[in-house]
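Quick look at target.pdb (PDB, C-alpha atoms, pLDDT in the B column):
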MODEL        1
ATOM      1  CA  MET D 175      -9.151   6.613  -0.946  1.00 79.00           C
ATOM      2  CA  ASP D 176      -8.087   5.948   2.640  1.00 88.00           C
ATOM      3  CA  GLU D 177      -5.915   3.055   3.745  1.00 92.00           C
ATOM      4  CA  LYS D 178      -8.827   0.819   4.734  1.00 95.00           C
ATOM      5  CA  ASP D 179     -10.476   1.285   1.341  1.00 95.00           C
ATOM      6  CA  LEU D 180      -7.166   0.661  -0.367  1.00 96.00           C
ATOM      7  CA  LEU D 181      -6.595  -2.569   1.568  1.00 96.00           C
ATOM      8  CA  ARG D 182     -10.140  -3.728   0.760  1.00 97.00           C
ATOM      9  CA  ARG D 183      -9.432  -3.060  -2.918  1.00 97.00           C
ATOM     10  CA  ILE D 184      -6.169  -5.016  -2.743  1.00 97.00           C
ATOM     11  CA  HIS D 185      -7.904  -7.982  -1.097  1.00 98.00           C
ATOM     12  CA  SER D 186     -10.666  -7.909  -3.699  1.00 97.00           C
ATOM     13  CA  LEU D 187      -8.164  -7.893  -6.568  1.00 97.00           C
ATOM     14  CA  VAL D 188      -6.152 -10.718  -4.980  1.00 97.00           C
ATOM     15  CA  ASP D 189      -9.294 -12.808  -4.506  1.00 97.00           C
ATOM     16  CA  GLU D 190     -10.241 -12.355  -8.157  1.00 96.00           C
ATOM     17  CA  GLU D 191      -6.707 -13.182  -9.264  1.00 94.00           C
ATOM     18  CA  HIS D 192      -6.746 -16.393  -7.203  1.00 94.00           C
ATOM     19  CA  ARG D 193     -10.112 -17.419  -8.653  1.00 94.00           C
ATOM     20  CA  LEU D 194      -8.818 -16.917 -12.171  1.00 92.00           C
ATOM     21  CA  ARG D 195      -5.573 -18.780 -11.510  1.00 90.00           C
ATOM     22  CA  ASP D 196      -7.439 -21.678  -9.904  1.00 91.00           C
ATOM     23  CA  SER D 197      -9.906 -22.030 -12.768  1.00 87.00           C
ATOM     24  CA  ALA D 198      -9.312 -24.722 -15.350  1.00 80.00           C
ATOM     25  CA  GLU D 199      -9.965 -22.307 -18.196  1.00 82.00           C
ATOM     26  CA  HIS D 200      -7.035 -20.116 -19.161  1.00 84.00           C
ATOM     27  CA  THR D 201      -8.163 -18.340 -22.298  1.00 90.00           C
ATOM     28  CA  ALA D 202      -6.562 -15.305 -23.859  1.00 92.00           C
ATOM     29  CA  GLU D 203      -9.265 -13.242 -22.165  1.00 93.00           C
ATOM     30  CA  THR D 204      -8.435 -14.760 -18.776  1.00 92.00           C
ATOM     31  CA  ARG D 205      -4.718 -14.096 -19.248  1.00 91.00           C
ATOM     32  CA  THR D 206      -5.454 -10.509 -20.268  1.00 94.00           C
ATOM     33  CA  ARG D 207      -7.593 -10.030 -17.161  1.00 94.00           C
ATOM     34  CA  MET D 208      -4.865 -11.522 -14.930  1.00 93.00           C
ATOM     35  CA  ASN D 209      -2.313  -9.121 -16.430  1.00 93.00           C
ATOM     36  CA  ASP D 210      -4.686  -6.232 -15.779  1.00 95.00           C
ATOM     37  CA  LEU D 211      -5.231  -7.397 -12.188  1.00 95.00           C
ATOM     38  CA  GLU D 212      -1.481  -7.602 -11.607  1.00 93.00           C
ATOM     39  CA  ALA D 213      -1.022  -4.050 -12.907  1.00 94.00           C
ATOM     40  CA  GLN D 214      -3.865  -2.757 -10.735  1.00 96.00           C
ATOM     41  CA  LEU D 215      -2.370  -4.513  -7.719  1.00 95.00           C
ATOM     42  CA  ASP D 216       1.004  -2.926  -8.399  1.00 94.00           C
ATOM     43  CA  GLN D 217      -0.672   0.489  -8.520  1.00 96.00           C
ATOM     44  CA  CYS D 218      -2.546  -0.154  -5.272  1.00 96.00           C
ATOM     45  CA  TRP D 219       0.559  -1.365  -3.434  1.00 95.00           C
ATOM     46  CA  ASP D 220       2.506   1.630  -4.724  1.00 95.00           C
ATOM     47  CA  LEU D 221      -0.194   4.010  -3.518  1.00 96.00           C
ATOM     48  CA  LEU D 222      -0.287   2.304  -0.117  1.00 96.00           C
ATOM     49  CA  ARG D 223       3.501   2.645   0.202  1.00 95.00           C
ATOM     50  CA  GLN D 224       3.306   6.322  -0.781  1.00 96.00           C
ATOM     51  CA  ARG D 225       0.607   6.991   1.814  1.00 96.00           C
ATOM     52  CA  ARG D 226       2.557   5.226   4.565  1.00 95.00           C
ATOM     53  CA  ALA D 227       5.783   7.040   3.676  1.00 96.00           C
ATOM     54  CA  ARG D 228       4.003  10.397   3.715  1.00 96.00           C
ATOM     55  CA  ARG D 229       2.476   9.631   7.102  1.00 95.00           C
ATOM     56  CA  GLN D 230       5.860   8.520   8.456  1.00 96.00           C
ATOM     57  CA  TYR D 231       7.401  11.859   7.462  1.00 96.00           C
ATOM     58  CA  ASP D 232       4.489  13.949   8.754  1.00 97.00           C
ATOM     59  CA  GLU D 233       3.169  14.728   5.290  1.00 97.00           C
ATOM     60  CA  ASP D 234      -0.436  14.486   4.117  1.00 96.00           C
ATOM     61  CA  PRO D 235      -1.116  10.883   2.999  1.00 95.00           C
ATOM     62  CA  ASP D 236      -4.092  12.116   0.975  1.00 94.00           C
ATOM     63  CA  ALA D 237      -1.660  13.938  -1.308  1.00 95.00           C
ATOM     64  CA  ALA D 238      -0.401  10.582  -2.628  1.00 96.00           C
ATOM     65  CA  GLN D 239      -1.374   9.970  -6.245  1.00 96.00           C
ATOM     66  CA  VAL D 240      -1.962   6.809  -8.250  1.00 95.00           C
ATOM     67  CA  ARG D 241       0.956   6.479 -10.618  1.00 94.00           C
ATOM     68  CA  PRO D 242       0.474   5.271 -14.210  1.00 93.00           C
ATOM     69  CA  LYS D 243       0.649   1.541 -14.859  1.00 92.00           C
ATOM     70  CA  SER D 244       3.621   2.085 -17.144  1.00 88.00           C
ATOM     71  CA  GLU D 245       5.555   3.639 -14.261  1.00 89.00           C
ATOM     72  CA  VAL D 246       4.792   1.109 -11.527  1.00 90.00           C
ATOM     73  CA  GLU D 247       5.231  -1.839 -13.872  1.00 82.00           C
ATOM     74  CA  GLY D 248       8.769  -0.640 -14.587  1.00 78.00           C
ATOM     75  CA  TYR D 249       9.943  -0.760 -10.969  1.00 74.00           C
ATOM     76  CA  LEU D 250      12.679  -3.221 -10.132  1.00 62.00           C
ATOM     77  CA  GLN D 251      11.957  -5.582  -7.263  1.00 60.00           C
TER      78      GLN D 251
ENDMDL
END
Could I get this structure in the form of structure tokens?
Amino acid sequence: MDEKDLLRRIHSLVDEEHRLRDSAEHTAETRTRMNDLEAQLDQCWDLLRQRRARRQYDEDPDAAQVRPKSEVEGYLQ
């Protein structure tokens, strides 16, 4: 996935998250989906950062790998 595709994916996930947050219905299913979206977004942002760091240090950005949700969810902000 190149950077443009990755950014499109991030924007798509953010749009869906906003739609869910703005809806009046917040069921258990909706909350589960929002949690899943947040985890996917964390993975996408992590991958984007990896790609940019690799490019900055003259490494192959395509060698960046999606890290497991459990790993990226554990990062401290």
Atom pair CA of Ala202 (chain D) / CA of Arg241 (chain D): separation (Å) = 26.6 Å
Shortest interatomic distance to Arg223 (chain D) - which of D:Asp189, D:Ser197, D:Leu211, D:Gln239, counting all atoms listed in the file | D:Gln239
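The space separating CA of Lys178 (chain D) from CA of Arg226 (chain D) comes to 12.2 Å.
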Exercise: Pro235 (chain D) partners within 8 Å, all atoms listed in the file, chain neighbours under 4 positions left out, as a PyMOL selection string = chain D and resi 224-229
Which residues match the PyMOL selection byres ((chain D and resi 218) around 10) in the file above, as a count of residues only?
-> 20
State, in Å with one decimal place, the distance from CA of Arg205 (chain D) to CA of Arg182 (chain D).
->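 For CA of Arg205 (chain D) relative to CA of Arg182 (chain D), the distance reads 23.2 Å.
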Take every atom of region 226-238 of chain D listed in the file, fit an axis-aligned box around them, add 5 Å per side, and give the centre and edge lengths in Å to one decimal as lines of an AutoDock Vina configuration file.
center_x = 1.7
center_y = 10.0
center_z = 3.1
size_x = 21.5
size_y = 19.5
size_z = 21.4
